[in-house]
file data30.pdb (PDB, C-alpha atoms)
MODEL        1
ATOM      1  CA  MET G  21      -4.936 -29.494  11.854
ATOM      2  CA  LYS G  22      -5.344 -28.845  15.574
ATOM      3  CA  GLN G  23      -7.595 -31.879  15.967
ATOM      4  CA  GLY G  24     -10.383 -30.266  14.038
ATOM      5  CA  VAL G  25     -12.117 -26.971  13.649
ATOM      6  CA  MET G  26     -15.071 -24.997  14.697
ATOM      7  CA  ALA G  27     -18.591 -25.872  15.417
ATOM      8  CA  LEU G  28     -21.946 -26.396  13.820
ATOM      9  CA  ARG G  29     -23.427 -26.388  17.272
ATOM     10  CA  PRO G  30     -26.448 -24.710  18.836
ATOM     11  CA  LEU G  31     -25.099 -21.491  20.305
ATOM     12  CA  ALA G  32     -26.349 -18.599  22.358
ATOM     13  CA  MET G  33     -25.004 -15.216  21.299
ATOM     14  CA  THR G  34     -25.903 -12.423  18.955
ATOM     15  CA  GLY G  35     -23.595 -13.030  16.014
ATOM     16  CA  LEU G  36     -22.178 -16.210  17.481
ATOM     17  CA  PHE G  37     -25.257 -17.077  19.530
ATOM     18  CA  CYS G  38     -28.844 -16.079  19.888
ATOM     19  CA  PHE G  39     -29.318 -16.139  23.653
ATOM     20  CA  GLY G  40     -32.522 -17.843  24.699
ATOM     21  CA  ALA G  41     -32.725 -20.100  21.662
ATOM     22  CA  LEU G  42     -30.770 -23.293  22.255
ATOM     23  CA  GLY G  43     -31.493 -24.771  18.862
ATOM     24  CA  LEU G  44     -29.909 -22.240  16.534
ATOM     25  CA  GLN G  45     -27.649 -24.042  14.125
ATOM     26  CA  SER G  46     -25.843 -22.591  11.165
ATOM     27  CA  ALA G  47     -24.665 -24.402   8.083
ATOM     28  CA  ALA G  48     -21.926 -21.829   8.024
ATOM     29  CA  ALA G  49     -19.167 -21.887  10.503
ATOM     30  CA  GLN G  50     -15.759 -23.177  11.160
ATOM     31  CA  VAL G  51     -16.366 -26.828  11.901
ATOM     32  CA  GLN G  52     -15.018 -29.013  14.682
ATOM     33  CA  VAL G  53     -13.973 -32.321  13.193
ATOM     34  CA  ARG G  54     -11.354 -34.680  14.622
ATOM     35  CA  VAL G  55     -10.571 -38.140  13.314
ATOM     36  CA  GLY G  56      -7.555 -40.389  13.714
ATOM     37  CA  VAL G  57      -5.884 -38.328  16.463
ATOM     38  CA  PRO G  58      -4.033 -40.562  18.953
ATOM     39  CA  GLY G  59      -5.434 -40.387  22.469
ATOM     40  CA  ARG G  60      -8.551 -38.456  21.428
ATOM     41  CA  ALA G  61     -12.060 -39.534  20.563
ATOM     42  CA  THR G  62     -13.351 -38.967  17.060
ATOM     43  CA  TYR G  63     -15.573 -35.896  16.946
ATOM     44  CA  SER G  64     -17.655 -34.239  14.265
ATOM     45  CA  GLU G  65     -20.558 -31.863  14.245
ATOM     46  CA  LEU G  66     -20.537 -31.983  10.467
ATOM     47  CA  HIS G  67     -21.192 -35.702  10.142
ATOM     48  CA  GLU G  68     -23.491 -38.202  11.802
ATOM     49  CA  GLY G  69     -21.448 -40.790  13.699
ATOM     50  CA  LEU G  70     -18.190 -40.266  11.813
ATOM     51  CA  ARG G  71     -15.985 -43.366  12.010
ATOM     52  CA  PRO G  72     -12.369 -43.877  10.920
ATOM     53  CA  GLY G  73     -11.974 -45.972   7.802
ATOM     54  CA  THR G  74     -15.187 -44.785   6.158
ATOM     55  CA  ARG G  75     -15.296 -42.818   2.939
ATOM     56  CA  ALA G  76     -16.420 -39.715   4.845
ATOM     57  CA  ALA G  77     -13.541 -40.021   7.306
ATOM     58  CA  ASP G  78     -11.034 -40.551   4.498
ATOM     59  CA  SER G  79     -12.312 -37.396   2.785
ATOM     60  CA  VAL G  80     -11.939 -35.414   6.015
ATOM     61  CA  THR G  81      -8.406 -36.734   6.543
ATOM     62  CA  ALA G  82      -7.370 -35.836   2.994
ATOM     63  CA  ILE G  83      -8.504 -32.230   3.453
ATOM     64  CA  GLN G  84      -6.946 -31.965   6.910
ATOM     65  CA  ARG G  85      -3.596 -33.099   5.553
ATOM     66  CA  ALA G  86      -3.583 -30.699   2.586
ATOM     67  CA  LYS G  87      -0.405 -28.614   2.370
ATOM     68  CA  THR G  88      -1.223 -26.352  -0.581
ATOM     69  CA  PRO G  89      -3.705 -23.501  -0.052
ATOM     70  CA  GLY G  90      -4.718 -22.905  -3.656
ATOM     71  CA  PRO G  91      -6.911 -26.005  -4.155
ATOM     72  CA  LEU G  92      -8.607 -25.368  -0.805
ATOM     73  CA  TRP G  93      -9.581 -21.833  -1.819
ATOM     74  CA  ARG G  94     -10.741 -23.011  -5.236
ATOM     75  CA  ARG G  95     -12.976 -25.609  -3.596
ATOM     76  CA  MET G  96     -14.736 -22.796  -1.756
ATOM     77  CA  ARG G  97     -15.044 -20.725  -4.933
ATOM     78  CA  ARG G  98     -16.632 -23.647  -6.795
ATOM     79  CA  THR G  99     -19.076 -24.124  -3.943
ATOM     80  CA  VAL G 100     -20.270 -20.515  -3.879
ATOM     81  CA  GLU G 101     -20.731 -20.802  -7.633
ATOM     82  CA  GLY G 102     -23.158 -23.642  -6.970
ATOM     83  CA  LYS G 103     -20.830 -26.397  -8.158
ATOM     84  CA  GLY G 104     -19.397 -27.849  -4.978
ATOM     85  CA  ASP G 105     -20.060 -29.603  -1.700
ATOM     86  CA  TRP G 106     -20.584 -27.175   1.186
ATOM     87  CA  ASN G 107     -19.302 -29.556   3.867
ATOM     88  CA  SER G 108     -16.040 -30.038   1.993
ATOM     89  CA  ALA G 109     -15.809 -26.289   1.435
ATOM     90  CA  LEU G 110     -16.105 -25.644   5.182
ATOM     91  CA  LEU G 111     -13.420 -28.207   5.941
ATOM     92  CA  SER G 112     -11.224 -26.676   3.250
ATOM     93  CA  LEU G 113     -11.547 -23.190   4.699
ATOM     94  CA  THR G 114     -10.780 -24.587   8.131
ATOM     95  CA  ARG G 115      -7.589 -26.151   6.824
ATOM     96  CA  LEU G 116      -6.755 -22.986   4.928
ATOM     97  CA  ALA G 117      -6.917 -21.019   8.179
ATOM     98  CA  GLU G 118      -4.437 -23.429   9.744
ATOM     99  CA  LEU G 119      -1.994 -23.006   6.877
ATOM    100  CA  ARG G 120      -1.757 -19.239   7.553
ATOM    101  CA  SER G 121      -0.967 -18.351   3.951
ATOM    102  CA  PRO G 122      -0.212 -14.620   3.528
ATOM    103  CA  ALA G 123      -1.714 -14.519   0.040
ATOM    104  CA  TYR G 124      -4.941 -16.279   0.965
ATOM    105  CA  ALA G 125      -5.307 -14.304   4.176
ATOM    106  CA  ASP G 126      -5.281 -11.230   1.941
ATOM    107  CA  SER G 127      -7.851 -12.887  -0.329
ATOM    108  CA  ALA G 128     -10.051 -13.670   2.667
ATOM    109  CA  ALA G 129      -9.804 -10.070   3.898
ATOM    110  CA  ARG G 130     -10.775  -8.749   0.467
ATOM    111  CA  LEU G 131     -13.742 -11.090   0.258
ATOM    112  CA  LEU G 132     -14.859 -10.058   3.751
ATOM    113  CA  LYS G 133     -14.723  -6.419   2.650
ATOM    114  CA  HIS G 134     -16.729  -7.230  -0.474
ATOM    115  CA  LEU G 135     -19.399  -9.041   1.528
ATOM    116  CA  GLU G 136     -19.976  -5.940   3.652
ATOM    117  CA  SER G 137     -21.603  -4.240   0.657
ATOM    118  CA  ALA G 138     -22.684  -7.226  -1.428
ATOM    119  CA  GLY G 139     -26.389  -7.010  -0.612
ATOM    120  CA  SER G 140     -28.814  -9.764   0.335
ATOM    121  CA  VAL G 141     -27.750 -12.128  -2.486
ATOM    122  CA  PRO G 142     -23.950 -11.980  -2.515
ATOM    123  CA  PHE G 143     -23.602 -15.215  -4.508
ATOM    124  CA  PRO G 144     -26.010 -15.129  -7.492
ATOM    125  CA  ASN G 145     -25.239 -18.719  -8.483
ATOM    126  CA  ASP G 146     -26.288 -19.885  -5.032
ATOM    127  CA  PRO G 147     -28.947 -17.396  -3.875
ATOM    128  CA  GLY G 148     -29.579 -19.307  -0.667
ATOM    129  CA  LEU G 149     -26.028 -18.650   0.514
ATOM    130  CA  LYS G 150     -25.682 -15.546   2.672
ATOM    131  CA  ALA G 151     -22.700 -13.441   3.633
ATOM    132  CA  GLU G 152     -22.922 -14.680   7.217
ATOM    133  CA  ASP G 153     -22.528 -18.243   5.929
ATOM    134  CA  LEU G 154     -18.985 -17.495   4.812
ATOM    135  CA  GLU G 155     -17.825 -14.666   7.066
ATOM    136  CA  PRO G 156     -16.809 -16.791  10.112
ATOM    137  CA  SER G 157     -14.474 -18.966   8.078
ATOM    138  CA  LEU G 158     -12.945 -15.951   6.341
ATOM    139  CA  GLN G 159     -12.485 -14.268   9.715
ATOM    140  CA  ALA G 160     -10.643 -17.330  11.018
ATOM    141  CA  ILE G 161      -8.279 -17.260   8.035
ATOM    142  CA  VAL G 162      -7.484 -13.585   8.673
ATOM    143  CA  LEU G 163      -6.977 -14.082  12.415
ATOM    144  CA  GLU G 164      -4.754 -17.140  12.060
ATOM    145  CA  ARG G 165      -2.462 -15.180   9.775
ATOM    146  CA  ARG G 166      -2.499 -12.330  12.314
ATOM    147  CA  ARG G 167      -1.402 -14.813  14.979
ATOM    148  CA  ALA G 168       1.592 -15.748  12.850
ATOM    149  CA  VAL G 169       2.578 -12.115  12.335
ATOM    150  CA  ARG G 170       1.682 -10.422  15.624
ATOM    151  CA  GLY G 171       1.365 -13.249  18.130
ATOM    152  CA  ASP G 172      -1.335 -14.822  20.260
ATOM    153  CA  SER G 173      -1.494 -12.033  22.842
ATOM    154  CA  VAL G 174      -2.572  -9.456  20.255
ATOM    155  CA  VAL G 175      -5.290 -11.699  18.833
ATOM    156  CA  LEU G 176      -6.502 -12.660  22.310
ATOM    157  CA  ALA G 177      -6.825  -9.022  23.364
ATOM    158  CA  ASP G 178      -8.735  -8.199  20.190
ATOM    159  CA  ILE G 179     -11.276 -11.018  20.556
ATOM    160  CA  LEU G 180     -11.859 -10.545  24.287
ATOM    161  CA  ALA G 181     -12.383  -6.810  23.778
ATOM    162  CA  ARG G 182     -15.229  -7.548  21.357
ATOM    163  CA  VAL G 183     -17.106 -10.059  23.526
ATOM    164  CA  PRO G 184     -18.870  -7.498  25.769
ATOM    165  CA  SER G 185     -20.341  -5.773  22.696
ATOM    166  CA  LYS G 186     -21.247  -9.166  21.173
ATOM    167  CA  ASN G 187     -19.220  -8.269  18.098
ATOM    168  CA  TYR G 188     -17.749 -11.660  17.320
ATOM    169  CA  ASN G 189     -18.619 -14.775  15.348
ATOM    170  CA  HIS G 190     -17.840 -18.475  14.952
ATOM    171  CA  GLY G 191     -14.467 -17.750  13.405
ATOM    172  CA  ASP G 192     -13.390 -15.661  16.376
ATOM    173  CA  ALA G 193     -14.470 -18.390  18.809
ATOM    174  CA  TRP G 194     -12.634 -21.087  16.877
ATOM    175  CA  VAL G 195      -9.404 -19.095  16.841
ATOM    176  CA  LEU G 196      -9.819 -18.222  20.521
ATOM    177  CA  GLY G 197      -9.928 -21.929  21.362
ATOM    178  CA  ARG G 198      -6.547 -22.400  19.678
ATOM    179  CA  LEU G 199      -4.728 -19.549  21.416
ATOM    180  CA  GLY G 200      -2.016 -19.752  24.022
ATOM    181  CA  ALA G 201      -1.028 -16.594  25.906
ATOM    182  CA  GLY G 202      -3.243 -17.531  28.842
ATOM    183  CA  ALA G 203      -6.409 -17.559  26.722
ATOM    184  CA  VAL G 204      -8.039 -20.479  28.507
ATOM    185  CA  ASP G 205      -7.421 -18.938  31.938
ATOM    186  CA  SER G 206      -8.728 -15.560  30.777
ATOM    187  CA  VAL G 207     -11.969 -17.006  29.421
ATOM    188  CA  ALA G 208     -12.474 -19.255  32.464
ATOM    189  CA  ALA G 209     -12.057 -16.258  34.769
ATOM    190  CA  ARG G 210     -14.540 -14.229  32.754
ATOM    191  CA  PHE G 211     -17.040 -17.081  32.857
ATOM    192  CA  GLN G 212     -16.870 -17.317  36.638
ATOM    193  CA  ALA G 213     -17.009 -13.540  37.101
ATOM    194  CA  ALA G 214     -19.799 -12.826  34.578
ATOM    195  CA  GLY G 215     -22.618 -10.800  36.091
ATOM    196  CA  THR G 216     -25.482 -12.000  33.894
ATOM    197  CA  GLU G 217     -26.829 -15.330  32.675
ATOM    198  CA  GLU G 218     -26.291 -14.270  29.088
ATOM    199  CA  PHE G 219     -22.591 -13.651  29.526
ATOM    200  CA  ARG G 220     -22.104 -16.774  31.633
ATOM    201  CA  VAL G 221     -23.530 -18.719  28.689
ATOM    202  CA  ARG G 222     -21.381 -16.790  26.243
ATOM    203  CA  TYR G 223     -18.152 -17.461  28.106
ATOM    204  CA  LEU G 224     -19.089 -21.080  28.841
ATOM    205  CA  THR G 225     -19.655 -21.636  25.138
ATOM    206  CA  LEU G 226     -16.314 -20.051  24.320
ATOM    207  CA  LEU G 227     -14.679 -22.400  26.829
ATOM    208  CA  SER G 228     -16.117 -25.338  24.915
ATOM    209  CA  TYR G 229     -13.779 -24.558  21.989
ATOM    210  CA  PHE G 230     -10.593 -25.235  23.951
ATOM    211  CA  THR G 231      -8.935 -28.651  24.209
ATOM    212  CA  ASP G 232      -6.862 -27.841  27.302
ATOM    213  CA  PRO G 233      -7.283 -30.659  29.861
ATOM    214  CA  LYS G 234      -7.064 -28.151  32.730
ATOM    215  CA  LEU G 235     -10.713 -27.306  31.941
ATOM    216  CA  ILE G 236     -11.930 -30.826  32.736
ATOM    217  CA  PRO G 237     -12.732 -30.259  36.450
ATOM    218  CA  LEU G 238     -14.524 -26.956  35.810
ATOM    219  CA  LEU G 239     -16.620 -28.248  32.918
ATOM    220  CA  ALA G 240     -17.538 -31.382  34.855
ATOM    221  CA  ARG G 241     -18.717 -29.309  37.815
ATOM    222  CA  VAL G 242     -20.782 -27.051  35.572
ATOM    223  CA  TYR G 243     -22.449 -30.039  33.945
ATOM    224  CA  ALA G 244     -23.222 -31.772  37.236
ATOM    225  CA  ALA G 245     -24.505 -28.641  39.004
ATOM    226  CA  PRO G 246     -25.186 -25.751  36.598
ATOM    227  CA  ASP G 247     -27.264 -23.881  39.196
ATOM    228  CA  SER G 248     -24.178 -23.406  41.354
ATOM    229  CA  PHE G 249     -22.590 -21.436  38.490
ATOM    230  CA  GLY G 250     -25.722 -19.484  37.584
ATOM    231  CA  VAL G 251     -26.013 -21.285  34.248
ATOM    232  CA  PRO G 252     -29.523 -22.131  32.964
ATOM    233  CA  LYS G 253     -29.797 -25.911  32.848
ATOM    234  CA  ARG G 254     -30.583 -26.153  29.168
ATOM    235  CA  TYR G 255     -27.295 -24.385  28.394
ATOM    236  CA  ALA G 256     -25.195 -26.685  30.545
ATOM    237  CA  ILE G 257     -24.970 -28.799  27.390
ATOM    238  CA  ARG G 258     -22.073 -26.488  26.495
ATOM    239  CA  ALA G 259     -20.047 -28.099  29.290
ATOM    240  CA  SER G 260     -20.760 -31.509  27.791
ATOM    241  CA  ASP G 261     -19.661 -30.201  24.383
ATOM    242  CA  GLY G 262     -16.415 -28.987  25.900
ATOM    243  CA  LEU G 263     -15.609 -32.307  27.549
ATOM    244  CA  LEU G 264     -16.321 -34.143  24.302
ATOM    245  CA  TRP G 265     -14.142 -31.743  22.317
ATOM    246  CA  ILE G 266     -11.227 -32.227  24.714
ATOM    247  CA  GLY G 267     -11.818 -35.876  23.886
ATOM    248  CA  THR G 268      -9.341 -37.612  26.184
ATOM    249  CA  LYS G 269      -9.987 -40.635  28.376
ATOM    250  CA  GLU G 270      -9.988 -38.301  31.372
ATOM    251  CA  SER G 271     -12.445 -35.787  29.916
ATOM    252  CA  LEU G 272     -14.866 -38.490  28.824
ATOM    253  CA  ALA G 273     -14.664 -40.212  32.209
ATOM    254  CA  ALA G 274     -15.397 -36.830  33.809
ATOM    255  CA  LEU G 275     -18.443 -36.435  31.573
ATOM    256  CA  ARG G 276     -19.667 -39.921  32.478
ATOM    257  CA  ASP G 277     -19.244 -39.249  36.187
ATOM    258  CA  ALA G 278     -20.833 -35.784  36.009
ATOM    259  CA  ARG G 279     -23.808 -37.258  34.188
ATOM    260  CA  SER G 280     -24.178 -39.887  36.915
ATOM    261  CA  ARG G 281     -24.092 -37.214  39.627
ATOM    262  CA  ALA G 282     -26.620 -35.114  37.764
ATOM    263  CA  ARG G 283     -29.001 -38.051  37.376
ATOM    264  CA  ALA G 284     -28.654 -39.074  41.019
ATOM    265  CA  GLY G 285     -29.350 -35.516  42.124
ATOM    266  CA  GLY G 286     -32.236 -34.948  39.732
ATOM    267  CA  THR G 287     -30.454 -31.947  38.222
ATOM    268  CA  TYR G 288     -32.171 -32.260  34.849
ATOM    269  CA  ALA G 289     -35.410 -33.917  35.957
ATOM    270  CA  ASP G 290     -37.569 -30.953  34.891
ATOM    271  CA  SER G 291     -39.829 -32.201  32.102
ATOM    272  CA  SER G 292     -39.463 -28.873  30.266
ATOM    273  CA  LEU G 293     -35.902 -29.931  29.435
ATOM    274  CA  ALA G 294     -37.071 -33.085  27.644
ATOM    275  CA  ARG G 295     -37.102 -33.314  23.854
ATOM    276  CA  GLY G 296     -38.653 -35.930  21.585
ATOM    277  CA  GLY G 297     -39.943 -38.010  24.467
ATOM    278  CA  TYR G 298     -36.501 -38.327  26.077
ATOM    279  CA  ASP G 299     -35.123 -36.487  29.079
ATOM    280  CA  PHE G 300     -32.208 -34.066  28.935
ATOM    281  CA  LEU G 301     -29.534 -36.597  29.880
ATOM    282  CA  ALA G 302     -30.808 -39.203  27.431
ATOM    283  CA  ASN G 303     -30.703 -36.656  24.621
ATOM    284  CA  ASP G 304     -27.189 -35.661  25.604
ATOM    285  CA  SER G 305     -26.116 -39.315  25.546
ATOM    286  CA  SER G 306     -27.580 -39.633  22.072
ATOM    287  CA  ALA G 307     -25.692 -36.528  20.963
ATOM    288  CA  VAL G 308     -22.438 -38.207  22.002
ATOM    289  CA  ILE G 309     -23.083 -41.064  19.590
ATOM    290  CA  SER G 310     -23.997 -38.624  16.850
ATOM    291  CA  ARG G 311     -20.826 -36.594  17.311
ATOM    292  CA  THR G 312     -18.324 -39.331  18.120
ATOM    293  CA  GLY G 313     -19.838 -42.498  16.673
ATOM    294  CA  LYS G 314     -19.772 -44.382  20.002
ATOM    295  CA  TRP G 315     -21.030 -44.313  23.567
ATOM    296  CA  VAL G 316     -18.895 -42.462  26.113
ATOM    297  CA  THR G 317     -18.234 -45.717  27.993
ATOM    298  CA  THR G 318     -16.980 -47.362  24.806
ATOM    299  CA  TRP G 319     -14.578 -44.511  24.157
ATOM    300  CA  ILE G 320     -13.251 -44.636  27.706
ATOM    301  CA  GLU G 321     -12.415 -48.326  27.361
ATOM    302  CA  GLU G 322     -10.851 -47.886  23.931
ATOM    303  CA  LEU G 323      -8.735 -44.930  25.005
ATOM    304  CA  LYS G 324      -7.524 -46.872  28.065
ATOM    305  CA  SER G 325      -6.104 -49.540  25.811
ATOM    306  CA  ARG G 326      -4.224 -47.201  23.494
TER     307      ARG G 326
ENDMDL
END
call {"tool": "encode", "arguments": {"input": "data30.pdb", "output": "structure tokens"}}
result
Amino acid sequence: MKQGVMALRPLAMTGLFCFGALGLQSAAAQVQVRVGVPGRATYSELHEGLRPGTRAADSVTAIQRAKTPGPLWRRMRRTVEGKGDWNSALLSLTRLAELRSPAYADSAARLLKHLESAGSVPFPNDPGLKAEDLEPSLQAIVLERRRAVRGDSVVLADILARVPSKNYNHGDAWVLGRLGAGAVDSVAARFQAAGTEEFRVRYLTLLSYFTDPKLIPLLARVYAAPDSFGVPKRYAIRASDGLLWIGTKESLAALRDARSRARAGGTYADSSLARGGYDFLANDSSAVISRTGKWVTTWIEELKSR
């Protein structure tokens, strides 16, 4: 897979985010998980401190290396019937999107259509599961197949056209982060030109799904001085997310240095940004361990030696 998939992260858009509420997390989304990729830090928002060589990491790797779409789809079907593991189902759908199977893209499109009229309990065997829990992953499967047939430019135009009306979800954002056709430049330009805080946060969050190293300087500047970009400080965490997801020695060193500049300048000193008795930067440091299994400084040293 392309070093992982889309995020179980707090977001800030209607559909993809709920602006003004940093802590919204969904158990349903494409998931960003990367393990065993040369030159990149391990990353998972589905696991706590995922480490190569563990049973959890081996399970992730097995799904990510799957070549046959049928078992991946059946894993999802078992899960919605109340018989499977939801984390594995999300990873399976992520991998299924990457495989771009014509038959299963059609199946995903049909299931999306069914969910539009399925009511409040679309999966009777798992009444807690909602349509919106599955829709982003199905959308990603459909869009990845569309990329194969019609090209990145068509998919990019479609997604960007829906952002102003907030008509997009996790699956759209995940696919957007994988696109060529100038996608990263287009989103970066929209972020810097956005006329409202809400849309600056929206486009910044979309940027955090790309792994293009050209974003490192911009994301580092946003993290160190969010006020200069008109980004509310509590949402500057999206820049940190982006640098972690890029995951190279250079991006992690940029995060370390931006954090040092922010601390020296008192950027996040406001006590309203603290959570659980720890300040903003301390909580962000803790999040790095949760998502990558190690401190940023440890990763920088390890990636230097590889």
call {"tool": "residues_around", "arguments": {"input": "data30.pdb", "residues": "segment 81-83 of chain G", "least_positions_apart": "4", "cutoff": "12 Å", "atoms": "only C-alpha atoms", "output": "PyMOL selection string"}}
result
chain G and resi 21+23-24+53-57+62+70-77+87-89+91-93+95+107-116+118-119
call {"tool": "write_last_selection", "arguments": {"input": "data30.pdb", "atoms": "C-alpha atoms", "output": "PDB file, in the coordinates of the input"}}
result
ATOM      1  CA  MET G  21      -4.936 -29.494  11.854  1.00  0.00           C
ATOM      2  CA  GLN G  23      -7.595 -31.879  15.967  1.00  0.00           C
ATOM      3  CA  GLY G  24     -10.383 -30.266  14.038  1.00  0.00           C
ATOM      4  CA  VAL G  53     -13.973 -32.321  13.193  1.00  0.00           C
ATOM      5  CA  ARG G  54     -11.354 -34.680  14.622  1.00  0.00           C
ATOM      6  CA  VAL G  55     -10.571 -38.140  13.314  1.00  0.00           C
ATOM      7  CA  GLY G  56      -7.555 -40.389  13.714  1.00  0.00           C
ATOM      8  CA  VAL G  57      -5.884 -38.328  16.463  1.00  0.00           C
ATOM      9  CA  THR G  62     -13.351 -38.967  17.060  1.00  0.00           C
ATOM     10  CA  LEU G  70     -18.190 -40.266  11.813  1.00  0.00           C
ATOM     11  CA  ARG G  71     -15.985 -43.366  12.010  1.00  0.00           C
ATOM     12  CA  PRO G  72     -12.369 -43.877  10.920  1.00  0.00           C
ATOM     13  CA  GLY G  73     -11.974 -45.972   7.802  1.00  0.00           C
ATOM     14  CA  THR G  74     -15.187 -44.785   6.158  1.00  0.00           C
ATOM     15  CA  ARG G  75     -15.296 -42.818   2.939  1.00  0.00           C
ATOM     16  CA  ALA G  76     -16.420 -39.715   4.845  1.00  0.00           C
ATOM     17  CA  ALA G  77     -13.541 -40.021   7.306  1.00  0.00           C
ATOM     18  CA  LYS G  87      -0.405 -28.614   2.370  1.00  0.00           C
ATOM     19  CA  THR G  88      -1.223 -26.352  -0.581  1.00  0.00           C
ATOM     20  CA  PRO G  89      -3.705 -23.501  -0.052  1.00  0.00           C
ATOM     21  CA  PRO G  91      -6.911 -26.005  -4.155  1.00  0.00           C
ATOM     22  CA  LEU G  92      -8.607 -25.368  -0.805  1.00  0.00           C
ATOM     23  CA  TRP G  93      -9.581 -21.833  -1.819  1.00  0.00           C
ATOM     24  CA  ARG G  95     -12.976 -25.609  -3.596  1.00  0.00           C
ATOM     25  CA  ASN G 107     -19.302 -29.556   3.867  1.00  0.00           C
ATOM     26  CA  SER G 108     -16.040 -30.038   1.993  1.00  0.00           C
ATOM     27  CA  ALA G 109     -15.809 -26.289   1.435  1.00  0.00           C
ATOM     28  CA  LEU G 110     -16.105 -25.644   5.182  1.00  0.00           C
ATOM     29  CA  LEU G 111     -13.420 -28.207   5.941  1.00  0.00           C
ATOM     30  CA  SER G 112     -11.224 -26.676   3.250  1.00  0.00           C
ATOM     31  CA  LEU G 113     -11.547 -23.190   4.699  1.00  0.00           C
ATOM     32  CA  THR G 114     -10.780 -24.587   8.131  1.00  0.00           C
ATOM     33  CA  ARG G 115      -7.589 -26.151   6.824  1.00  0.00           C
ATOM     34  CA  LEU G 116      -6.755 -22.986   4.928  1.00  0.00           C
ATOM     35  CA  GLU G 118      -4.437 -23.429   9.744  1.00  0.00           C
ATOM     36  CA  LEU G 119      -1.994 -23.006   6.877  1.00  0.00           C
TER      37      LEU G 119
END
call {"tool": "resolve_selection", "arguments": {"input": "data30.pdb", "expression": "the PyMOL selection byres ((chain G and resi 288-300) around 12)", "output": "PyMOL selection string"}}
result
chain G and resi 42-43+243-247+252-257+260+278-287+301-307
call {"tool": "write_last_selection", "arguments": {"input": "data30.pdb", "atoms": "C-alpha atoms", "output": "CSV table (one decimal), in the frame of the given file"}}
result
chain,number,residue,atom,x,y,z
G,42,LEU,CA,-30.8,-23.3,22.3
G,43,GLY,CA,-31.5,-24.8,18.9
G,243,TYR,CA,-22.4,-30.0,33.9
G,244,ALA,CA,-23.2,-31.8,37.2
G,245,ALA,CA,-24.5,-28.6,39.0
G,246,PRO,CA,-25.2,-25.8,36.6
G,247,ASP,CA,-27.3,-23.9,39.2
G,252,PRO,CA,-29.5,-22.1,33.0
G,253,LYS,CA,-29.8,-25.9,32.8
G,254,ARG,CA,-30.6,-26.2,29.2
G,255,TYR,CA,-27.3,-24.4,28.4
G,256,ALA,CA,-25.2,-26.7,30.5
G,257,ILE,CA,-25.0,-28.8,27.4
G,260,SER,CA,-20.8,-31.5,27.8
G,278,ALA,CA,-20.8,-35.8,36.0
G,279,ARG,CA,-23.8,-37.3,34.2
G,280,SER,CA,-24.2,-39.9,36.9
G,281,ARG,CA,-24.1,-37.2,39.6
G,282,ALA,CA,-26.6,-35.1,37.8
G,283,ARG,CA,-29.0,-38.1,37.4
G,284,ALA,CA,-28.7,-39.1,41.0
G,285,GLY,CA,-29.4,-35.5,42.1
G,286,GLY,CA,-32.2,-34.9,39.7
G,287,THR,CA,-30.5,-31.9,38.2
G,301,LEU,CA,-29.5,-36.6,29.9
G,302,ALA,CA,-30.8,-39.2,27.4
G,303,ASN,CA,-30.7,-36.7,24.6
G,304,ASP,CA,-27.2,-35.7,25.6
G,305,SER,CA,-26.1,-39.3,25.5
G,306,SER,CA,-27.6,-39.6,22.1
G,307,ALA,CA,-25.7,-36.5,21.0
call {"tool": "atom_distance", "arguments": {"input": "data30.pdb", "atom1": "atom CA of Thr318 of chain G", "atom2": "atom CA of Ser64 of chain G"}}
result
16.8 Å
call {"tool": "atom_distance", "arguments": {"input": "data30.pdb", "atom1": "atom CA of Ala208 of chain G", "atom2": "atom CA of Asn187 of chain G"}}
result
19.3 Å
call {"tool": "closest_residue", "arguments": {"input": "data30.pdb", "among": "G:Arg94, G:Gly59, G:Gln50, G:Gly200", "to": "Glu155 of chain G", "atoms": "all atoms listed in the file"}}
result
G:Gln50
call {"tool": "closest_residue", "arguments": {"input": "data30.pdb", "among": "G:Arg198, G:Arg258, G:Lys269, G:Lys103", "to": "Leu239 of chain G", "atoms": "all atoms listed in the file"}}
result
G:Arg258
call {"tool": "atom_distance", "arguments": {"input": "data30.pdb", "atom1": "atom CA of Leu323 of chain G", "atom2": "atom CA of Leu264 of chain G"}}
result
13.2 Å
call {"tool": "residues_around", "arguments": {"input": "data30.pdb", "residues": "Ser248 of chain G", "least_positions_apart": "6", "cutoff": "12 Å", "atoms": "only C-alpha atoms", "output": "short mmCIF file (atom, residue, chain, number, x, y, z; two decimals) with C-alpha atoms, keeping the file's coordinate frame"}}
result
data_model
loop_
_atom_site.label_atom_id
_atom_site.label_comp_id
_atom_site.auth_asym_id
_atom_site.auth_seq_id
_atom_site.Cartn_x
_atom_site.Cartn_y
_atom_site.Cartn_z
CA GLN G 212 -16.87 -17.32 36.64
CA ARG G 220 -22.10 -16.77 31.63
CA LEU G 238 -14.52 -26.96 35.81
CA ARG G 241 -18.72 -29.31 37.82
CA VAL G 242 -20.78 -27.05 35.57
CA ALA G 256 -25.20 -26.68 30.54
CA THR G 287 -30.45 -31.95 38.22
#
call {"tool": "closest_residue", "arguments": {"input": "data30.pdb", "among": "G:Arg222, G:Arg165, G:Lys186, G:Arg97", "to": "Tyr124 of chain G", "atoms": "all atoms listed in the file"}}
result
G:Arg165
call {"tool": "residues_around", "arguments": {"input": "data30.pdb", "residues": "Asp178 of chain G", "least_positions_apart": "3", "cutoff": "12 Å", "atoms": "all atoms listed in the file", "output": "list in words"}}
result
Leu163, Arg166, Arg167, Arg170, Gly171, Asp172, Ser173, Val174, Val175, Ala181, Arg182, Val183, Pro184, Asn187, Tyr188, Asp192, Ala193, Val195, Leu196 and Ala203 of chain G
call {"tool": "closest_residue", "arguments": {"input": "data30.pdb", "among": "G:Leu180, G:Leu227, G:Leu66, G:Leu132", "to": "Thr312 of chain G", "atoms": "only C-alpha atoms"}}
result
G:Leu66
